[in-house]
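Participant: My structure is below; once you've seen it, I'll send some questions.
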Amino acid sequence: MHDDRGLVEARLKRVLDERVRPAVYPESVPLEVAVWNAPDEPVPVEEGLAAPVTPVAVGDLWGPPWGTSWFRVTGTVPEEWAGKSVEALLDLGFDENMPGFQCEGLVYRPDGTPVKGLNPRNQWVRIGAPVDGGEEVRLHIEAASNPVLLDYHPFVPTALGDIETSHRDPLYKLTRMDLAVFDETVWRLVIDLEVLGELMAELPVDSGRRWDVLRAVDRALDALDLQDVNGTAAAARSELTDVLSSPAEPSAHRISAVGHAHIDSAWLWPLRETVRKVARTTSNMTALLEDEPEFIFSMSQAQQWAWIKEHRPEVWAKVVKAVSAGRFVPAGGMWVEADTNMPGSEAMARQFVHGKRFFIDEFGVENDEAWLPDTFGFAAGLPQIIKAAGSKWLLTQKISWSQTNKFPHHTFQWEGIDGTRIFTHFPPVDTYNCAMKGSEIAHAARNFKDKGVARHSLAPTGWGDGGGGTTREMIAKAARLRDLEGSAQVVWETPAEFFAKAEEEYKNPPVWVGELYLELHRATLTSQAKTKQGNRRSEHLLREAELWSATAAVRVPEFAYPYEELDRIWKTVLLHQFHDILPGSSIAWVHREAEKTYAAVAAELTGLVEKAQRALAGAGTQTLVFNATPHARHGIAAGGAAVPAGEKPAELSDRADGGFVLSNGLLRVEVDERGLVVSAYDLTAGRETIAPGRPANLLQMHPDFPNMWDAWDVDAFYRNTVTDLVEADEVAAGEGASVRVVRSFGSSKATQTLTLAPGASRLDIVTEVDWHETEKFLKLAFPLDVHAERYASETQFGHFYRATHTNTSWEAAKFEACNHRFVHLEEPGWGVALVTDSTYGHDVTRTVRPEDSGTTTTLRVSLLRAPRFPDPETDQGPHRFRHALVPGATIGDAVREGYVVNLPERTLPGAGPVAPLAEVDNDAVVVTAVKLADDGSGDVVVRFHEAHGGRARATLTPGFPTASVTTTDLLERPLGQAEQTSGPVELTLRPFELRTLRFERA
């Protein structure tokens, strides 16, 4: 027989498209449709159901951008359809090529009971199977006319990303509103033919199995009367029985299918729309669970569960029932699927605290896995946090998007900065929206890199982002793939069931040490600067609010610890760390609201801090300085308040060649007539910081037009063109020992203030930019006279080293990376740090100076970008950044100064000193949180870690009478027996070890 596969495939496609699929619904009658358009924001369900409606017809336009329309559809099942299966087909004007990025609907019964969601590939609602005939049908559809913003390429700037700038013209056209007979035999024939056709396309050309499938499909098509598909579908299916029942090879790859709908908590829609996306999807999934006994659905992000509970109690009731049956499974144990690069130590910990606690409190379920399929890379401190939260597994997918280097494993142990290892799986299906297509299943089996030692992988299965989740077609395909020759075997399982099997079969998986760097989406470390500043400021205000509130609650009997306020604010901040909010890759609406939210958070937390500090200060006239950093400052203990010691002021003088000289006995800084730093001399070490002939504090601007993903990406070629902003409008003496520099460039202006504080080996640089550029990238450069092959960046509960060179493609790909409060470079015996109050992105490069063969290591922090999609006005307007250059810095200095820049002192008049609740006698041990226990017991919780990267011994002295101390996990649950104590606790810590102690007050 000749190779007729191409002919059979072409025949199969046409028959399916033109004859078989249309025959799934052989008879139909129109429904009557009426509509009420909500005038503003979405309304409660009861209001939408009761609203007056106006008749409309198929073909009519509806739905302005971000509008809500309530459709009422009514009709009667024809008597002659008695005994048949009948469904309503409700097409709002869907584009089936883009599930999840357009209009959507949620169907309700007249009593307000949710039925299911309507999505581009899920347009049916079951009326009866079978029907009696004559039934009256009345359904309500809450339809959202969300605009289509994502066209993949090219990205077109649009005003539709904010309701305040959108037009009000209708976007969609009602396409079909019918009652129809559902022919299940034909529908099953469609699935049979799709599965076999997709399998045939993946089998080797010379495979006997391929020929068996080809012949069977050919026979089935021969048996099908194209003029009577419904009458001959059963005969056609019978020709496929043998090839569909032939079992898989014993060595076949095994795929655990997990029902899934990855829903971004905000992205191309605002937060309020995500509430409804979640309601639609969960309604779909609870309905599907009732129909499909083998199906398992899993949903992450406790915030999304909480939204259902708060906003859609009628949907929540169905979810609770499905969870209790063990088939609707909470996953991930995090408040949201957060970015993991930028959240600070405590914030990353609290993602797990609040996420896991929600599932434990609501369902008695504790997650062993972290579930982060779409997050843009993973910080090296995360494994320890996962373990400290009581979890042990991690799932991700996004690393498959890396542009340069293909990740070498799919199942592996991931080792973090402290040595903690987490069993990690990276699904070889290479998508978190698996549709059970043959090409996806075959790719997973071929792609799996751990063949020979393991054969289990996971496939998150379902349409996300409002696509409606898993479909009945996916479930039907999975049933045929359970044990099918030529294919991987597919079974529905929970994430925990998959991980248990994978871990059991793969006893010694390979180890990956350090960050899981995504070689894509690097610009998310910079886009939407105000969102990032709001996050950083909120994190540190929360530290202060907990610290001073706990201190006041212990010291002042009448002071009430603000449990509810702190819980609510933490959840708000954690929500905004979602991996399309904090990274700056959402629409304008999201970031406009985020800015307002952060302002409200700052105001409320500042109020909590001031209330606690007033209670602690008492009545008096002494000027007390409150120190919230984890280190003593100006003679004031960490976490305490006192009158500071005076210090010799810094001096400002004229520089002989123009410009100014700043000096305070520790550091001597020269600023030339251009406002550039040409010398930062460490007087203690007798060492110059700035590379000769390469001025620092240099603003540089690049064109920034990536190949794709505007807000997400910066491509390496951006470096090919650079403009040094050296012309100054003004270089003048400022207040105290400071210099003011003003520069105009393009349509923008930058004003910098360079200050040398008394007694500080630190040059403070405040940069204010009124930014009005488009598709530009602004950097602040510091060429340093340092020879170093690696440098340190702060991450959660420690720091992580990256290479300064590009020996391999892996190192070259890290041309933009993340830091928290500091970046540190060091030669043996001397180093330099740059600390920051709000920026995350940076790059480090090395060059050799031809004049003296010395090495210049240039550190540049990323300040601003100006992408036009999805927010065409990204970062336009005023911004303020604070950095500090710290010559002679050790890692310990970098840690300390990073806190100093982010936690300014606060002053109040008061009666006298305030002693800290917890003191540690070793600066290498950094306290990240002092708070009261979440359970309301009044116990004091102290969390700390070793921050310098070495072994540490320390004594932690509680500043209050204690009865016992217990080591706990992040959720403040004991990890061992409580120890009686009435005084100091002796500590021994490994490098970067994280620990939480809970003190019972005596």
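Please note that chains go A, B, ... in the order of the structure tokens, that every chain numbers its residues from 1, and that ligands are numbered from 1 in the order shown.
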When you look at range 443-447 of chain A with a cut-off of 10 Å (counting only C-alpha atoms), what residues show up, excluding the ones that are within fewer than 3 positions of it in the same chain? I need them as a CSV table (one decimal) with N, CA and C atoms, in the first residue's frame.
Facilitator:
chain,number,residue,atom,x,y,z
A,202,GLU,N,1.4,11.8,14.6
A,202,GLU,CA,2.6,11.7,15.5
A,202,GLU,C,3.3,10.4,15.4
A,252,ALA,N,5.3,2.8,28.0
A,252,ALA,CA,4.8,4.1,27.6
A,252,ALA,C,4.9,5.2,28.7
A,253,HIS,N,5.1,6.4,28.3
A,253,HIS,CA,5.2,7.5,29.2
A,253,HIS,C,3.8,7.7,29.9
A,254,ARG,N,3.8,8.1,31.1
A,254,ARG,CA,2.6,8.2,31.9
A,254,ARG,C,2.3,9.7,32.3
A,255,ILE,N,1.2,10.2,31.9
A,255,ILE,CA,0.8,11.6,32.2
A,255,ILE,C,-0.3,11.7,33.2
A,410,HIS,N,13.4,17.8,33.6
A,410,HIS,CA,11.9,18.0,33.8
A,410,HIS,C,11.6,17.7,35.3
A,427,PRO,N,6.6,20.4,33.7
A,427,PRO,CA,5.9,19.5,32.8
A,427,PRO,C,6.5,19.6,31.3
A,428,PRO,N,6.8,18.4,30.8
A,428,PRO,CA,7.4,18.4,29.4
A,428,PRO,C,6.3,18.7,28.3
A,429,VAL,N,5.1,18.8,28.7
A,429,VAL,CA,4.0,19.1,27.7
A,429,VAL,C,4.2,20.6,27.3
A,430,ASP,N,5.0,21.4,28.0
A,430,ASP,CA,5.3,22.7,27.7
A,430,ASP,C,4.1,23.7,27.5
A,431,THR,N,3.1,23.5,28.3
A,431,THR,CA,2.0,24.4,28.3
A,431,THR,C,1.2,24.2,29.6
A,437,LYS,N,-4.6,17.4,23.1
A,437,LYS,CA,-4.3,17.2,21.7
A,437,LYS,C,-3.2,16.1,21.5
A,438,GLY,N,-3.3,15.3,20.5
A,438,GLY,CA,-2.3,14.3,20.3
A,438,GLY,C,-0.9,14.9,20.2
A,439,SER,N,-0.8,16.0,19.5
A,439,SER,CA,0.5,16.7,19.4
A,439,SER,C,1.1,17.0,20.8
A,440,GLU,N,0.2,17.5,21.7
A,440,GLU,CA,0.7,17.8,23.0
A,440,GLU,C,1.2,16.6,23.8
A,450,ASP,N,14.0,13.0,31.3
A,450,ASP,CA,14.5,12.0,32.4
A,450,ASP,C,14.1,10.6,32.0
A,451,LYS,N,14.0,10.3,30.7
A,451,LYS,CA,13.7,8.9,30.3
A,451,LYS,C,14.8,8.0,30.8
A,455,ARG,N,9.3,8.1,34.3
A,455,ARG,CA,8.4,8.2,33.2
A,455,ARG,C,7.1,8.8,33.5
A,456,HIS,N,7.0,9.5,34.6
A,456,HIS,CA,5.8,10.2,35.0
A,456,HIS,C,6.0,11.7,34.7
A,457,SER,N,4.9,12.4,34.1
A,457,SER,CA,4.9,13.8,34.0
A,457,SER,C,3.5,14.3,34.2
A,458,LEU,N,3.3,15.6,34.4
A,458,LEU,CA,2.0,16.2,34.7
A,458,LEU,C,1.6,17.1,33.5
A,459,ALA,N,0.3,17.1,33.3
A,459,ALA,CA,-0.2,18.0,32.2
A,459,ALA,C,-1.4,18.8,32.8
A,487,SER,N,0.6,5.9,22.2
A,487,SER,CA,0.4,7.2,22.9
A,487,SER,C,0.9,7.0,24.3
A,488,ALA,N,1.3,8.1,25.0
A,488,ALA,CA,1.5,8.1,26.4
A,488,ALA,C,0.1,7.7,27.1
A,489,GLN,N,0.2,7.2,28.3
A,489,GLN,CA,-1.0,6.9,29.0
A,489,GLN,C,-1.4,8.1,29.9
Participant: Fewer than 6 positions away in the same chain doesn't count, so skip those; otherwise give me all residues within 6 Å of Glu993 in chain A, counting only C-alpha atoms, as a list of chain:residue names.
Facilitator: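 Counting only C-alpha atoms, the residues come to A:Asp418, A:His945, A:Glu946.
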Participant: Please produce a file of those selected residues containing N, CA and C atoms, as a PDB file, in the first residue's frame.
Facilitator:
ATOM      1  N   ASP A 418      20.505  28.213  50.909  1.00  0.00           N
ATOM      2  CA  ASP A 418      20.894  27.668  52.210  1.00  0.00           C
ATOM      3  C   ASP A 418      21.128  26.170  52.155  1.00  0.00           C
ATOM      4  N   HIS A 945      17.257  35.322  60.127  1.00  0.00           N
ATOM      5  CA  HIS A 945      18.064  34.446  59.290  1.00  0.00           C
ATOM      6  C   HIS A 945      19.515  34.893  59.345  1.00  0.00           C
ATOM      7  N   GLU A 946      20.393  34.003  58.955  1.00  0.00           N
ATOM      8  CA  GLU A 946      21.806  34.344  58.817  1.00  0.00           C
ATOM      9  C   GLU A 946      21.950  35.044  57.469  1.00  0.00           C
TER      10      GLU A 946
END
Participant: Considering only C-alpha atoms, return as an mmCIF file with C-alpha atoms, in the first residue's frame whatever protein or nucleic-acid residues lie within 8 Å of Thr524 in chain A, sequence-local ones (same chain, fewer than 6 positions apart) excluded.
Facilitator:
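The resulting part.cif:
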data_model
loop_
_atom_site.group_PDB
_atom_site.id
_atom_site.type_symbol
_atom_site.label_atom_id
_atom_site.label_comp_id
_atom_site.auth_asym_id
_atom_site.auth_seq_id
_atom_site.Cartn_x
_atom_site.Cartn_y
_atom_site.Cartn_z
ATOM 1 C CA PRO A 583 6.046 42.882 37.211
ATOM 2 C CA GLY A 584 4.264 45.759 35.489
ATOM 3 C CA SER A 585 2.722 43.723 32.682
ATOM 4 C CA ALA A 711 6.129 45.560 28.865
ATOM 5 C CA TRP A 712 7.750 42.202 29.558
ATOM 6 C CA ASP A 713 10.895 42.090 27.488
#
Participant: Among range 503-647 of chain A, which ones does DSSP assign to strand (DSSP E) (computed from the backbone)? Answer as a VMD selection string.
Facilitator: chain A and resid 511 to 513 622 to 626 641 to 642
Participant: Contacts between range 27-49 of chain A and range 286-315 of chain A, please, where a residue of range 286-315 of chain A counts if it comes within 10 Å (with only C-alpha atoms); show its shortest atom pair and distance in Å to one decimal, rows by chain and ascending number, as a Markdown table.
Facilitator:
| residue | atom | partner | partner_atom | distance |
| --- | --- | --- | --- | --- |
| A:His311 | CA | A:Pro44 | CA | 8.6 |
| A:Arg312 | CA | A:Val45 | CA | 8.5 |
| A:Glu314 | CA | A:Val45 | CA | 9.6 |
Participant: Pull C-alpha atoms from the residues just selected and write them as a PDB file, in the first residue's frame.
Facilitator:
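Below is the file that was written, part.pdb:
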ATOM      1  CA  HIS A 311     -18.691  37.836  46.184  1.00  0.00           C
ATOM      2  CA  ARG A 312     -20.457  34.736  44.815  1.00  0.00           C
ATOM      3  CA  GLU A 314     -24.103  30.755  45.320  1.00  0.00           C
TER       4      GLU A 314
END
Participant: As a compact mmCIF listing (two decimals) with N, CA and C atoms, in the first residue's frame, which residues of range 254-404 of chain A does DSSP assign to helix (DSSP H, G or I)?
Facilitator:
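Here's the written file out27.txt:
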# COMPACT_ATOMS: atom_id res chain seq x y z
N LEU A 271 -8.88 43.80 38.44
CA LEU A 271 -9.14 42.85 39.51
C LEU A 271 -10.62 42.50 39.60
N ARG A 272 -11.50 43.48 39.42
CA ARG A 272 -12.93 43.20 39.56
C ARG A 272 -13.40 42.18 38.53
N GLU A 273 -12.77 42.17 37.36
CA GLU A 273 -13.18 41.21 36.34
C GLU A 273 -12.67 39.81 36.66
N THR A 274 -11.55 39.70 37.35
CA THR A 274 -11.05 38.38 37.73
C THR A 274 -12.01 37.69 38.68
N VAL A 275 -12.64 38.46 39.55
CA VAL A 275 -13.64 37.88 40.45
C VAL A 275 -14.68 37.13 39.63
N ARG A 276 -15.11 37.72 38.52
CA ARG A 276 -16.15 37.10 37.70
C ARG A 276 -15.58 35.97 36.84
N LYS A 277 -14.34 36.11 36.35
CA LYS A 277 -13.72 35.02 35.61
C LYS A 277 -13.64 33.76 36.47
N VAL A 278 -13.27 33.95 37.74
CA VAL A 278 -13.17 32.81 38.64
C VAL A 278 -14.54 32.19 38.87
N ALA A 279 -15.56 33.02 39.05
CA ALA A 279 -16.91 32.50 39.26
C ALA A 279 -17.38 31.70 38.05
N ARG A 280 -17.13 32.20 36.85
CA ARG A 280 -17.55 31.48 35.64
C ARG A 280 -16.84 30.14 35.54
N THR A 281 -15.52 30.17 35.76
CA THR A 281 -14.73 28.94 35.60
C THR A 281 -15.11 27.91 36.65
N THR A 282 -15.25 28.32 37.90
CA THR A 282 -15.58 27.35 38.94
C THR A 282 -16.99 26.80 38.75
N SER A 283 -17.90 27.62 38.22
CA SER A 283 -19.24 27.10 37.91
C SER A 283 -19.14 26.03 36.83
N ASN A 284 -18.33 26.30 35.81
CA ASN A 284 -18.10 25.29 34.77
C ASN A 284 -17.58 24.00 35.35
N MET A 285 -16.57 24.12 36.21
CA MET A 285 -15.87 22.94 36.70
C MET A 285 -16.72 22.13 37.68
N THR A 286 -17.48 22.79 38.54
CA THR A 286 -18.34 22.03 39.44
C THR A 286 -19.42 21.29 38.65
N ALA A 287 -19.92 21.90 37.58
CA ALA A 287 -20.91 21.21 36.73
C ALA A 287 -20.27 20.02 36.04
N LEU A 288 -19.05 20.19 35.54
CA LEU A 288 -18.37 19.11 34.83
C LEU A 288 -18.03 17.96 35.77
N LEU A 289 -17.69 18.27 37.00
CA LEU A 289 -17.39 17.22 37.98
C LEU A 289 -18.61 16.33 38.23
N GLU A 290 -19.80 16.93 38.18
CA GLU A 290 -21.01 16.14 38.38
C GLU A 290 -21.25 15.17 37.23
N ASP A 291 -20.80 15.55 36.03
CA ASP A 291 -21.04 14.72 34.85
C ASP A 291 -19.94 13.70 34.60
N ALA A 302 -5.30 31.20 46.82
CA ALA A 302 -6.31 31.33 47.86
C ALA A 302 -7.13 32.60 47.70
N GLN A 303 -6.51 33.66 47.19
CA GLN A 303 -7.24 34.90 46.96
C GLN A 303 -8.44 34.67 46.05
N GLN A 304 -8.29 33.86 45.04
CA GLN A 304 -9.40 33.61 44.13
C GLN A 304 -10.50 32.82 44.80
N TRP A 305 -10.13 31.88 45.65
CA TRP A 305 -11.13 31.16 46.44
C TRP A 305 -11.86 32.14 47.38
N ALA A 306 -11.09 33.04 47.99
CA ALA A 306 -11.71 34.00 48.91
C ALA A 306 -12.66 34.93 48.17
N TRP A 307 -12.33 35.29 46.94
CA TRP A 307 -13.24 36.12 46.14
C TRP A 307 -14.58 35.42 45.92
N ILE A 308 -14.53 34.15 45.59
CA ILE A 308 -15.78 33.41 45.38
C ILE A 308 -16.61 33.42 46.67
N LYS A 309 -15.93 33.13 47.77
CA LYS A 309 -16.65 33.09 49.04
C LYS A 309 -17.30 34.42 49.37
N GLU A 310 -16.57 35.52 49.11
CA GLU A 310 -17.07 36.85 49.46
C GLU A 310 -18.12 37.35 48.49
N HIS A 311 -17.87 37.18 47.19
CA HIS A 311 -18.69 37.84 46.18
C HIS A 311 -19.75 36.94 45.54
N PRO A 313 -21.54 33.78 46.79
CA PRO A 313 -21.84 32.68 47.71
C PRO A 313 -22.58 31.52 47.05
N GLU A 314 -23.37 31.82 46.00
CA GLU A 314 -24.10 30.75 45.32
C GLU A 314 -23.13 29.82 44.58
N VAL A 315 -22.03 30.35 44.09
CA VAL A 315 -20.99 29.53 43.46
C VAL A 315 -20.16 28.83 44.53
N TRP A 316 -19.86 29.55 45.60
CA TRP A 316 -19.06 29.00 46.69
C TRP A 316 -19.69 27.73 47.26
N ALA A 317 -20.99 27.70 47.37
CA ALA A 317 -21.66 26.52 47.92
C ALA A 317 -21.36 25.28 47.07
N LYS A 318 -21.34 25.44 45.76
CA LYS A 318 -21.03 24.32 44.88
C LYS A 318 -19.57 23.92 45.00
N VAL A 319 -18.70 24.90 45.16
CA VAL A 319 -17.27 24.61 45.30
C VAL A 319 -17.01 23.82 46.59
N VAL A 320 -17.61 24.26 47.68
CA VAL A 320 -17.42 23.58 48.96
C VAL A 320 -17.84 22.12 48.87
N LYS A 321 -18.96 21.89 48.22
CA LYS A 321 -19.45 20.52 48.05
C LYS A 321 -18.47 19.67 47.25
N ALA A 322 -17.93 20.24 46.18
CA ALA A 322 -16.99 19.50 45.34
C ALA A 322 -15.67 19.26 46.05
N VAL A 323 -15.22 20.21 46.87
CA VAL A 323 -13.99 20.02 47.64
C VAL A 323 -14.18 18.89 48.65
N SER A 324 -15.32 18.86 49.30
CA SER A 324 -15.56 17.83 50.30
C SER A 324 -15.57 16.43 49.68
N SER A 345 11.64 39.21 51.65
CA SER A 345 11.69 37.98 52.45
C SER A 345 10.37 37.69 53.15
N GLU A 346 9.93 38.64 53.96
CA GLU A 346 8.69 38.40 54.71
C GLU A 346 7.48 38.27 53.79
N ALA A 347 7.44 39.07 52.73
CA ALA A 347 6.30 38.99 51.83
C ALA A 347 6.21 37.61 51.18
N MET A 348 7.34 37.07 50.76
CA MET A 348 7.32 35.75 50.15
C MET A 348 6.88 34.70 51.17
N ALA A 349 7.34 34.87 52.41
CA ALA A 349 6.90 33.95 53.46
C ALA A 349 5.39 34.06 53.69
N ARG A 350 4.89 35.29 53.71
CA ARG A 350 3.46 35.48 53.99
C ARG A 350 2.58 34.99 52.84
N GLN A 351 3.10 34.94 51.61
CA GLN A 351 2.33 34.32 50.53
C GLN A 351 1.91 32.91 50.94
N PHE A 352 2.83 32.18 51.53
CA PHE A 352 2.52 30.81 51.95
C PHE A 352 1.72 30.80 53.25
N VAL A 353 2.03 31.69 54.17
CA VAL A 353 1.29 31.74 55.43
C VAL A 353 -0.19 31.95 55.18
N HIS A 354 -0.52 32.97 54.40
CA HIS A 354 -1.93 33.29 54.19
C HIS A 354 -2.59 32.31 53.23
N GLY A 355 -1.85 31.84 52.23
CA GLY A 355 -2.42 30.88 51.31
C GLY A 355 -2.72 29.55 51.97
N LYS A 356 -1.73 29.00 52.66
CA LYS A 356 -1.93 27.70 53.30
C LYS A 356 -2.98 27.78 54.40
N ARG A 357 -2.93 28.86 55.16
CA ARG A 357 -3.88 28.98 56.27
C ARG A 357 -5.32 29.04 55.76
N PHE A 358 -5.55 29.71 54.63
CA PHE A 358 -6.91 29.77 54.08
C PHE A 358 -7.43 28.37 53.79
N PHE A 359 -6.64 27.56 53.11
CA PHE A 359 -7.10 26.22 52.75
C PHE A 359 -7.24 25.32 53.98
N ILE A 360 -6.37 25.50 54.95
CA ILE A 360 -6.49 24.72 56.19
C ILE A 360 -7.75 25.11 56.94
N ASP A 361 -7.98 26.41 57.09
CA ASP A 361 -9.14 26.87 57.85
C ASP A 361 -10.46 26.53 57.16
N GLU A 362 -10.50 26.67 55.84
CA GLU A 362 -11.76 26.47 55.12
C GLU A 362 -12.07 25.00 54.87
N PHE A 363 -11.03 24.19 54.59
CA PHE A 363 -11.27 22.82 54.13
C PHE A 363 -10.49 21.76 54.90
N LEU A 382 13.85 30.72 47.35
CA LEU A 382 12.51 30.15 47.47
C LEU A 382 12.46 28.75 48.06
N PRO A 383 13.39 27.82 47.74
CA PRO A 383 13.26 26.48 48.31
C PRO A 383 13.15 26.48 49.83
N GLN A 384 13.94 27.29 50.51
CA GLN A 384 13.88 27.32 51.97
C GLN A 384 12.52 27.81 52.45
N ILE A 385 11.94 28.77 51.75
CA ILE A 385 10.64 29.30 52.14
C ILE A 385 9.56 28.24 51.97
N ILE A 386 9.62 27.52 50.86
CA ILE A 386 8.64 26.45 50.63
C ILE A 386 8.71 25.42 51.76
N LYS A 387 9.93 25.02 52.11
CA LYS A 387 10.10 24.03 53.18
C LYS A 387 9.66 24.58 54.52
N ALA A 388 10.02 25.84 54.80
CA ALA A 388 9.65 26.44 56.09
C ALA A 388 8.15 26.61 56.22
N LYS A 398 6.95 27.88 33.22
CA LYS A 398 7.38 29.02 32.42
C LYS A 398 8.83 28.91 31.94
N ILE A 399 9.64 28.11 32.61
CA ILE A 399 11.04 28.01 32.20
C ILE A 399 11.15 27.49 30.76
N SER A 400 10.11 26.82 30.28
CA SER A 400 10.13 26.35 28.89
C SER A 400 10.13 27.50 27.89
N TRP A 401 9.82 28.72 28.37
CA TRP A 401 9.81 29.89 27.48
C TRP A 401 11.20 30.49 27.28
Participant: Could you list, as a list of chain:residue names, every residue within 10 Å of Phe559 in chain A, counting only C-alpha atoms and ignoring same-chain residues fewer than 3 positions away?
Facilitator: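 The residues that qualify are A:Ser549, A:Ala550, A:Thr551, A:Ala552, A:Ala553, A:Val554, A:Arg555, A:Val556, A:Pro562, A:Lys611, A:Ala612, A:Ala615, A:Leu616.
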Participant: May I ask which of the residues A:His579, A:His948, A:Arg846, A:Arg219 is the closest one to Phe800 in chain A, counting only C-alpha atoms?
Facilitator: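 Smallest separation from Phe800 in chain A among the options: A:His948.
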Participant: Given only C-alpha atoms as the basis, pick out the residue of A:Ser838, A:Thr572, A:Asn122, A:Thr858 nearest to Leu698 in chain A.
Facilitator: A:Thr858
Participant: Identify which of the residues A:His824, A:Arg762, A:Arg998, A:Lys84 lies closest to His883 in chain A, counting only C-alpha atoms when measuring atom-to-atom distances.
Facilitator: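 With only C-alpha atoms as the atom set, the closest residue is A:Arg762.
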Participant: Expressed in Å to a single decimal, how great is the separation between CA of Gly620 in chain A and CA of His634 in chain A?
Facilitator: 21.0 Å
Participant: Hey, what's within 6 Å of range 637-651 of chain A if we count only C-alpha atoms and toss same-chain stuff fewer than 6 positions away? As number ranges by chain, please?
Facilitator: A: 624-631, 662-664, 737, 758, 913-916
